[in-house]
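Notes follow the structure.
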Amino acid sequence: MSGTLPIADALQSANVCIFVEGFFAMHFKTHRFHKIHSKIAVFQRYLRECDFGRYNHWIISGIWKELRKLKCGFTLGASTIRYRRSLELGNRVHLQSKILYWDEKAFYVEQRLINEDNFVCATVIAKQSVISPKGQESVTPQSILEALFRKPVRAPEPPPELESWLKYNIASSDRLKDERNKFHYQ
């Protein structure tokens with residue numbers, strides 16, 4: 001398990017972002033807390049910053065390396081953001097990423113943008129689907145974590161809000177499938 005974090009740490013990470021007007025620049029600093037220092041332009045960058053935060057999380061936890069060994073990839077299967085308070089230019093916020101749950105196809109990650117007053121300004125729930133190469137048996141999040149930690153791991157129970165979100169996504173997908181059969185482009 002060299003080069004990886006203990007399992008409890010692999011499930012969460014923290015980054016630092018600074019909202020600054022004018023441009024977007026990013027550089028990584030590796031130190032004890034694995035923080036990213038970013039300068040980002042405006043509020044619509046929340047989701048982009050969360051994308052960077054998730055990939056940083058996969059890298060520092062060792063999950064990305066294990067995923068690549070298995071010749072697999074990730075795709076964002078779904079995401080929802082809830083804005084609770086706007087951020088002003090120059091605000092410094094922490095971006096926390098945490099794996100809440102996994103199933104046979106995807107990791108489910110919660111991300112929080114937290115200001116200097118410890119107020120959660122925005123939350124994101126993201127479904128990060130594992131993509132296996134064609135012709136290869138499906139690789140599961142469970143198998144990735146077990147290969148990484150070289151021991152059996154158990155998925156945590158999904159929190160109630162994630163269970164509701166999963167049900168919403170299934171219902172929405174079913175409705176769209178039904179509508180697809182009824183609607184045809186002319």
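Convention: chains lettered A, B, ... in structure tokens order; per-chain residue numbering from 1; ligands numbered from 1 as shown.
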Give me, as a tab-separated table, each residue of segment 127-159 of chain A that comes within 7 Å of segment 83-106 of chain A, together with its shortest interatomic pair and the distance in Å at one decimal, counting only C-alpha atoms, with rows ordered by chain and rising residue number.
```
residue	atom	partner	partner_atom	distance
A:Lys127	CA	A:Ala106	CA	6.2
A:Gln128	CA	A:Ala106	CA	5.4
A:Ser129	CA	A:Ala106	CA	4.1
A:Val130	CA	A:Ala106	CA	5.6
A:Thr140	CA	A:Glu104	CA	5.2
A:Pro141	CA	A:Ala106	CA	6.2
A:Ala155	CA	A:Tyr101	CA	5.9
A:Pro156	CA	A:Tyr101	CA	5.7
A:Glu157	CA	A:Tyr101	CA	6.7
A:Pro158	CA	A:Tyr101	CA	5.6
```
*Just list the residues in segment 140-173 of chain A DSSP gives helix (DSSP H, G or I) on the backbone, as JSON, numbers by chain.*
{"A": [141, 142, 143, 144, 145, 146, 147, 148, 149, 160, 161, 162, 163, 164, 165, 166, 167, 168, 169, 170, 171, 172, 173]}
Export N, CA and C atoms of the chosen residues as a compact mmCIF listing (two decimals), in the first residue's frame?
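Saved to result.txt:
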```txt
# COMPACT_ATOMS: atom_id res chain seq x y z
N PRO A 141 -16.19 -0.40 -8.07
CA PRO A 141 -15.50 0.39 -7.05
C PRO A 141 -14.98 -0.48 -5.91
N GLN A 142 -15.77 -1.49 -5.54
CA GLN A 142 -15.37 -2.41 -4.48
C GLN A 142 -14.03 -3.09 -4.83
N SER A 143 -13.92 -3.59 -6.06
CA SER A 143 -12.69 -4.29 -6.46
C SER A 143 -11.50 -3.33 -6.52
N ILE A 144 -11.75 -2.08 -6.90
CA ILE A 144 -10.67 -1.08 -6.93
C ILE A 144 -10.15 -0.84 -5.52
N LEU A 145 -11.06 -0.64 -4.57
CA LEU A 145 -10.65 -0.37 -3.18
C LEU A 145 -9.98 -1.60 -2.56
N GLU A 146 -10.48 -2.79 -2.85
CA GLU A 146 -9.86 -4.00 -2.30
C GLU A 146 -8.47 -4.22 -2.88
N ALA A 147 -8.26 -3.90 -4.16
CA ALA A 147 -6.93 -3.99 -4.75
C ALA A 147 -6.00 -2.94 -4.13
N LEU A 148 -6.53 -1.75 -3.89
CA LEU A 148 -5.74 -0.66 -3.32
C LEU A 148 -5.29 -0.98 -1.90
N PHE A 149 -6.23 -1.46 -1.08
CA PHE A 149 -5.92 -1.69 0.33
C PHE A 149 -5.51 -3.12 0.65
N PRO A 160 -29.36 9.23 4.26
CA PRO A 160 -30.73 9.36 3.74
C PRO A 160 -30.85 10.29 2.53
N GLU A 161 -30.13 11.42 2.53
CA GLU A 161 -30.24 12.34 1.39
C GLU A 161 -29.66 11.72 0.11
N LEU A 162 -28.64 10.87 0.25
CA LEU A 162 -28.10 10.19 -0.93
C LEU A 162 -29.09 9.14 -1.42
N GLU A 163 -29.73 8.42 -0.52
CA GLU A 163 -30.76 7.45 -0.93
C GLU A 163 -31.87 8.15 -1.72
N SER A 164 -32.31 9.31 -1.24
CA SER A 164 -33.34 10.08 -1.96
C SER A 164 -32.84 10.51 -3.33
N TRP A 165 -31.59 10.95 -3.40
CA TRP A 165 -31.00 11.39 -4.65
C TRP A 165 -30.91 10.23 -5.64
N LEU A 166 -30.53 9.05 -5.16
CA LEU A 166 -30.45 7.86 -6.02
C LEU A 166 -31.83 7.50 -6.56
N LYS A 167 -32.85 7.57 -5.71
CA LYS A 167 -34.22 7.28 -6.15
C LYS A 167 -34.68 8.30 -7.19
N TYR A 168 -34.35 9.56 -6.97
CA TYR A 168 -34.69 10.61 -7.94
C TYR A 168 -34.06 10.31 -9.30
N ASN A 169 -32.77 9.94 -9.31
CA ASN A 169 -32.07 9.67 -10.57
C ASN A 169 -32.68 8.48 -11.31
N ILE A 170 -33.08 7.45 -10.57
CA ILE A 170 -33.72 6.28 -11.20
C ILE A 170 -35.06 6.69 -11.80
N ALA A 171 -35.87 7.44 -11.02
CA ALA A 171 -37.19 7.88 -11.51
C ALA A 171 -37.03 8.78 -12.74
N SER A 172 -36.08 9.69 -12.71
CA SER A 172 -35.85 10.59 -13.84
C SER A 172 -35.42 9.81 -15.07
N SER A 173 -34.53 8.86 -14.90
CA SER A 173 -34.07 8.04 -16.01
C SER A 173 -35.22 7.24 -16.61
```
_Distance of atom CA of Thr123 of chain A from atom CA of Glu110 of chain A, expressed in Å to one decimal place_ = 7.0 Å
Neighbour list for Arg54 of chain A as a tab-separated table (two decimals) with N, CA and C atoms, in the first residue's frame, cut-off 9 Å, only C-alpha atoms, skip fewer than 2 positions in-chain:
```tsv
chain	number	residue	atom	x	y	z
A	13	SER	N	-10.84	14.26	1.43
A	13	SER	CA	-9.69	15.15	1.24
A	13	SER	C	-10.18	16.58	1.32
A	49	GLU	N	-14.40	23.66	-10.26
A	49	GLU	CA	-13.49	23.50	-9.13
A	49	GLU	C	-13.73	22.16	-8.43
A	50	CYS	N	-14.99	21.77	-8.34
A	50	CYS	CA	-15.31	20.47	-7.74
A	50	CYS	C	-14.75	19.33	-8.58
A	51	ASP	N	-14.78	19.47	-9.92
A	51	ASP	CA	-14.16	18.46	-10.78
A	51	ASP	C	-12.68	18.32	-10.45
A	52	PHE	N	-11.98	19.45	-10.37
A	52	PHE	CA	-10.56	19.40	-10.02
A	52	PHE	C	-10.37	18.78	-8.63
A	56	ASN	N	-8.21	15.47	-7.82
A	56	ASN	CA	-7.15	15.55	-6.83
A	56	ASN	C	-7.38	14.49	-5.75
A	57	HIS	N	-8.62	14.33	-5.34
A	57	HIS	CA	-8.96	13.32	-4.33
A	57	HIS	C	-8.59	11.92	-4.82
A	58	TRP	N	-8.94	11.60	-6.09
A	58	TRP	CA	-8.62	10.27	-6.62
A	58	TRP	C	-7.11	10.06	-6.67
A	59	ILE	N	-6.37	11.09	-7.00
A	59	ILE	CA	-4.91	10.98	-7.11
A	59	ILE	C	-4.27	10.79	-5.74
A	97	SER	N	-13.88	16.90	-0.12
A	97	SER	CA	-14.42	15.82	-0.95
A	97	SER	C	-14.44	14.55	-0.11
A	98	LYS	N	-15.56	13.84	-0.16
A	98	LYS	CA	-15.68	12.64	0.65
A	98	LYS	C	-16.50	11.60	-0.10
A	109	VAL	N	-19.84	10.79	-4.33
A	109	VAL	CA	-18.98	11.73	-3.61
A	109	VAL	C	-19.78	12.95	-3.19
A	111	GLN	N	-19.23	16.83	-1.92
A	111	GLN	CA	-18.24	17.90	-1.83
A	111	GLN	C	-18.89	19.11	-1.18
```
*Find the residues near Gly73 of chain A: any atom within 9 Å, counting only C-alpha atoms, skip ones fewer than 4 places away on the same chain, and give them as a list of chain:residue names.*
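The filter keeps A:Trp64, A:Leu67, A:Arg68, A:Ser129, A:Val130, A:Ile131, A:Ser132, A:Pro133.
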Would you write out those residues with C-alpha atoms, as a tab-separated table (two decimals), in the first residue's frame?
```tsv
chain	number	residue	atom	x	y	z
A	64	TRP	CA	-6.56	6.88	-9.63
A	67	LEU	CA	-7.90	2.55	-11.65
A	68	ARG	CA	-5.21	3.05	-14.31
A	129	SER	CA	-18.98	5.99	-12.71
A	130	VAL	CA	-16.21	3.45	-13.35
A	131	ILE	CA	-15.71	2.69	-17.04
A	132	SER	CA	-14.15	-0.67	-17.88
A	133	PRO	CA	-12.47	-1.32	-21.25
```
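Among the candidates A:Val153, A:Val139, A:Ala78, A:Leu176, the one nearest to Ile125 of chain A when counting only C-alpha atoms is A:Ala78.
Of the listed residues A:Ile63, A:Pro159, A:Glu116, A:Val124, the one whose atoms come nearest to Ser79 of chain A is A:Val124, with distances taken using only C-alpha atoms.
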